[in-house]
Amino acid sequence: MKRKRFVLSGYFGFKNFGDEAILSILVNKLKEHNASITIISSDPEYTKSKYKKVRSVYTFKLSDIFGFIAKSDYLISGGGSLLQDATSLKSLIYYLVIILIGLICRKKVIIFAQGIGPITNPIGQALTKFLLKKCFYVSVRDKKSYNLLSQWGVKSDLLCDPVFSTKIEDCEKKPSVAIQLRDFKTMSEDFIDRLALAIFKEFPNNNIEIYSLQKEIDFEVCKKLKKSLDMLTPNSKSIIYSELTDDEIIKNISKCEYLIAMRFHALIIGLLAKTKTLAINYDIKVEKLAAEFNLPLINLKNEFDNEFKILKTQNPNDYTPTLETKVFDWTNFEKAIK
């Protein structure tokens, strides 16, 4: 039987924990079907070495990308939040151009477990709506995206994020606080100082583990937080972890009693590990996740105090809905690629 050929498009090669975790899950599923896989990546050598037995093509080499898609059977776009213009309109247009190439080449285009929006630019919104209607199979990871596509007349499956399928072993918790920060346009020195003070007051005897999950975006902010903590106490028990493997990140966070995190997929790992979790709201996807699981939520501008009290009194077994409802359903995806 002829091997089916897939091209995967996403925020790959940037060494961002969440997107790489999704890619790993997707690649493993396709390998179960003996697929030939080409990944569009900002760092093709890194991608080829990490995922083994895959091809990789540079993100901005559109002529090569066109050639690989032309020779493929399927183009898969996702997961994550690719189709939004909050990051930039250029980013949205880029991922739409890749989808357009797939459609021009008459390939089966699959939108994989994406969070759609926000898209505020009218042209970007119109292009997204038009192209998604032409796709072979569409799945989204949250109800807001599903409702938006329904309004547009785009049929889609509502799934959870693929990272919810991560298997985490039960382990004894240690009295540590894991903190994960990233840079963002509204991130400020004032927020970092207030966060450091709250951590110092609420967790004076705990080890503080600060996680940079994408060095280019996270590391400098993590350094600023450590500096603020060190200024509050000369015996600060804080340490920064950077450039860990996905497995190391998951194992380390799983062992911590508490997690304070910005990134969506860091929060999912906290939930799966039954770690007491507080979310820092910088994006609608984080706000939606916190609301769904009734997590305490702080944002980058407002004062906070009560949220830390909620964090410390949480019972992770009481998360609602129960995590058992968050099982990634591959059924229609597998039907689509047969």
# chains A, B, ... in the order shown; residues from 1 in each chain; ligands from 1
>>> residues_around(residues="stretch 46-60 of chain A", least_positions_apart="6", cutoff="8 Å", atoms="only C-alpha atoms", output="PyMOL selection string")
chain A and resi 12-13+24+27+36-40
>>> write_last_selection(atoms="C-alpha atoms", output="CSV table (one decimal), in the first residue's frame")
chain,number,residue,atom,x,y,z
A,12,PHE,CA,7.1,24.6,14.9
A,13,GLY,CA,10.9,24.8,15.4
A,24,SER,CA,5.0,15.3,19.0
A,27,VAL,CA,3.6,13.0,14.5
A,36,SER,CA,5.5,10.1,5.2
A,37,ILE,CA,5.8,13.4,7.1
A,38,THR,CA,7.2,16.8,6.2
A,39,ILE,CA,7.2,19.5,8.8
A,40,ILE,CA,7.4,23.2,8.0
>>> residues_around(residues="A:Glu172", least_positions_apart="4", cutoff="10 Å", atoms="only C-alpha atoms", output="list of chain:residue names")
A:Ser254, A:Lys255, A:Cys256, A:Glu257
>>> write_last_selection(atoms="N, CA, C and O atoms", output="short mmCIF file (atom, residue, chain, number, x, y, z; two decimals), in the first residue's frame")
data_model
loop_
_atom_site.label_atom_id
_atom_site.label_comp_id
_atom_site.auth_asym_id
_atom_site.auth_seq_id
_atom_site.Cartn_x
_atom_site.Cartn_y
_atom_site.Cartn_z
N SER A 254 5.13 18.56 37.43
CA SER A 254 4.25 17.58 38.06
C SER A 254 4.58 17.34 39.53
O SER A 254 3.70 16.99 40.32
N LYS A 255 5.85 17.52 39.89
CA LYS A 255 6.28 17.26 41.26
C LYS A 255 6.04 18.45 42.19
O LYS A 255 6.16 18.31 43.41
N CYS A 256 5.71 19.62 41.63
CA CYS A 256 5.51 20.81 42.45
C CYS A 256 4.10 20.85 43.05
O CYS A 256 3.13 20.43 42.42
N GLU A 257 4.01 21.39 44.26
CA GLU A 257 2.70 21.50 44.91
C GLU A 257 1.87 22.60 44.28
O GLU A 257 0.64 22.50 44.20
#
>>> residues_around(residues="A:Ala279", least_positions_apart="2", cutoff="8 Å", atoms="only C-alpha atoms", output="mmCIF file with N, CA, C and O atoms, in the first residue's frame")
data_model
loop_
_atom_site.group_PDB
_atom_site.id
_atom_site.type_symbol
_atom_site.label_atom_id
_atom_site.label_comp_id
_atom_site.auth_asym_id
_atom_site.auth_seq_id
_atom_site.Cartn_x
_atom_site.Cartn_y
_atom_site.Cartn_z
ATOM 1 N N ILE A 260 2.090 28.630 39.146
ATOM 2 C CA ILE A 260 1.593 29.946 38.724
ATOM 3 C C ILE A 260 2.091 30.135 37.301
ATOM 4 O O ILE A 260 3.302 30.188 37.066
ATOM 5 N N ALA A 261 1.176 30.208 36.325
ATOM 6 C CA ALA A 261 1.631 30.133 34.932
ATOM 7 C C ALA A 261 0.824 31.029 34.004
ATOM 8 O O ALA A 261 -0.362 31.265 34.215
ATOM 9 N N MET A 262 1.516 31.483 32.947
ATOM 10 C CA MET A 262 0.887 32.257 31.877
ATOM 11 C C MET A 262 0.514 31.383 30.694
ATOM 12 O O MET A 262 -0.568 31.524 30.136
ATOM 13 N N LEU A 267 -0.426 25.451 31.907
ATOM 14 C CA LEU A 267 -1.607 25.308 32.771
ATOM 15 C C LEU A 267 -2.251 23.930 32.604
ATOM 16 O O LEU A 267 -2.698 23.321 33.578
ATOM 17 N N THR A 277 -3.144 25.258 40.992
ATOM 18 C CA THR A 277 -2.761 26.081 39.845
ATOM 19 C C THR A 277 -3.449 27.448 39.858
ATOM 20 O O THR A 277 -4.658 27.552 40.102
ATOM 21 N N ASN A 281 -3.530 35.844 33.293
ATOM 22 C CA ASN A 281 -4.284 36.080 32.067
ATOM 23 C C ASN A 281 -3.585 37.095 31.165
ATOM 24 O O ASN A 281 -3.454 38.259 31.509
ATOM 25 N N VAL A 286 -6.272 31.629 27.805
ATOM 26 C CA VAL A 286 -5.987 31.392 29.221
ATOM 27 C C VAL A 286 -7.221 31.715 30.061
ATOM 28 O O VAL A 286 -7.577 30.959 30.982
ATOM 29 N N ALA A 290 -9.178 29.011 32.456
ATOM 30 C CA ALA A 290 -9.370 29.263 33.891
ATOM 31 C C ALA A 290 -10.849 29.226 34.263
ATOM 32 O O ALA A 290 -11.227 28.664 35.298
ATOM 33 N N LEU A 295 -10.281 27.994 37.919
ATOM 34 C CA LEU A 295 -8.973 28.324 38.472
ATOM 35 C C LEU A 295 -8.930 29.788 38.878
ATOM 36 O O LEU A 295 -9.514 30.640 38.197
ATOM 37 N N PRO A 296 -8.214 30.125 39.953
ATOM 38 C CA PRO A 296 -7.991 31.544 40.244
ATOM 39 C C PRO A 296 -7.205 32.175 39.104
ATOM 40 O O PRO A 296 -6.318 31.547 38.520
ATOM 41 N N LEU A 297 -7.533 33.441 38.806
ATOM 42 C CA LEU A 297 -6.969 34.120 37.634
ATOM 43 C C LEU A 297 -6.565 35.536 38.000
ATOM 44 O O LEU A 297 -7.358 36.288 38.568
ATOM 45 N N ILE A 298 -5.322 35.892 37.696
ATOM 46 C CA ILE A 298 -4.888 37.281 37.850
ATOM 47 C C ILE A 298 -4.500 37.813 36.478
ATOM 48 O O ILE A 298 -4.224 37.040 35.558
#
>>> closest_residue(among="A:Leu272, A:Leu181, A:Ile337, A:Ile98", to="A:Arg3", atoms="only C-alpha atoms")
A:Ile337
>>> atom_distance(atom1="atom CA of A:Asn332", atom2="atom CA of A:Gln114")
15.1 Å
>>> closest_residue(among="A:Glu189, A:Glu209, A:Glu20, A:Asp305", to="A:Tyr258", atoms="only C-alpha atoms")
A:Glu209
>>> closest_residue(among="A:Cys171, A:Leu289, A:Leu311, A:Leu8", to="A:Arg141", atoms="only C-alpha atoms")
A:Leu289
>>> select_by_dssp(residues="stretch 83-305 of chain A", states="strand (DSSP E)", output="PyMOL selection string")
chain A and resi 108-114+137-140+157-158+174-180+207-212+238-242+256-261+276-281+297-299
>>> atom_distance(atom1="atom CA of A:Val140", atom2="atom CA of A:Gly78")
9.6 Å
>>> residues_around(residues="A:Ile101", least_positions_apart="4", cutoff="12 Å", atoms="only C-alpha atoms", output="list in words")
Val7, Ser9, Leu62, Ser63, Asp64, Ile65, Phe66, Gly67, Phe68, Ile69, Ala70, Lys71, Ser72, Tyr74, Leu75, Ile76, Ser77, Tyr94, Tyr95, Leu96, Val97, Cys105, Arg106, Lys107, Lys108, Val109, Leu131 and Cys135 of chain A
>>> select_by_dssp(residues="stretch 58-101 of chain A", states="helix (DSSP H, G or I)", output="list in words")
Leu62, Ser63, Asp64, Ile65, Phe66, Gly67, Phe68, Ile69, Ala70, Leu89, Lys90, Ser91, Leu92, Ile93, Tyr94, Tyr95, Leu96, Val97, Ile98, Ile99, Leu100 and Ile101 of chain A
>>> write_last_selection(atoms="N, CA and C atoms", output="compact mmCIF listing (two decimals), in the first residue's frame")
# COMPACT_ATOMS: atom_id res chain seq x y z
N LEU A 62 9.02 29.54 0.66
CA LEU A 62 7.70 29.22 0.11
C LEU A 62 7.78 28.36 -1.15
N SER A 63 8.83 28.55 -1.95
CA SER A 63 8.95 27.74 -3.17
C SER A 63 9.12 26.26 -2.82
N ASP A 64 9.95 25.98 -1.81
CA ASP A 64 10.13 24.59 -1.37
C ASP A 64 8.86 24.05 -0.72
N ILE A 65 8.22 24.90 0.08
CA ILE A 65 6.96 24.49 0.73
C ILE A 65 5.93 24.11 -0.33
N PHE A 66 5.84 24.95 -1.37
CA PHE A 66 4.89 24.68 -2.46
C PHE A 66 5.19 23.32 -3.08
N GLY A 67 6.48 23.03 -3.29
CA GLY A 67 6.88 21.76 -3.91
C GLY A 67 6.49 20.57 -3.05
N PHE A 68 6.73 20.66 -1.74
CA PHE A 68 6.38 19.55 -0.84
C PHE A 68 4.87 19.35 -0.78
N ILE A 69 4.12 20.46 -0.71
CA ILE A 69 2.66 20.34 -0.66
C ILE A 69 2.14 19.74 -1.96
N ALA A 70 2.71 20.17 -3.09
CA ALA A 70 2.26 19.66 -4.39
C ALA A 70 2.43 18.15 -4.50
N LEU A 89 -1.09 40.65 12.20
CA LEU A 89 -1.81 40.32 10.97
C LEU A 89 -0.91 39.51 10.04
N LYS A 90 0.40 39.81 10.05
CA LYS A 90 1.33 39.07 9.18
C LYS A 90 1.34 37.58 9.51
N SER A 91 1.27 37.27 10.80
CA SER A 91 1.25 35.87 11.22
C SER A 91 0.01 35.17 10.68
N LEU A 92 -1.15 35.81 10.81
CA LEU A 92 -2.40 35.23 10.30
C LEU A 92 -2.30 35.01 8.79
N ILE A 93 -1.83 36.03 8.07
CA ILE A 93 -1.74 35.92 6.60
C ILE A 93 -0.81 34.79 6.20
N TYR A 94 0.30 34.63 6.94
CA TYR A 94 1.25 33.56 6.62
C TYR A 94 0.56 32.20 6.66
N TYR A 95 -0.13 31.92 7.77
CA TYR A 95 -0.76 30.60 7.89
C TYR A 95 -1.91 30.42 6.90
N LEU A 96 -2.58 31.52 6.55
CA LEU A 96 -3.62 31.44 5.52
C LEU A 96 -3.01 31.16 4.14
N VAL A 97 -1.84 31.74 3.87
CA VAL A 97 -1.17 31.50 2.59
C VAL A 97 -0.81 30.01 2.47
N ILE A 98 -0.34 29.40 3.55
CA ILE A 98 -0.01 27.97 3.52
C ILE A 98 -1.26 27.15 3.21
N ILE A 99 -2.38 27.50 3.86
CA ILE A 99 -3.65 26.82 3.58
C ILE A 99 -4.06 27.02 2.13
N LEU A 100 -3.89 28.23 1.64
CA LEU A 100 -4.25 28.54 0.24
C LEU A 100 -3.42 27.70 -0.74
N ILE A 101 -2.13 27.55 -0.45
CA ILE A 101 -1.27 26.71 -1.30
C ILE A 101 -1.82 25.28 -1.35
>>> closest_residue(among="A:Gly270, A:Pro204, A:Pro162, A:Pro118", to="A:Asp283", atoms="only C-alpha atoms")
A:Pro118
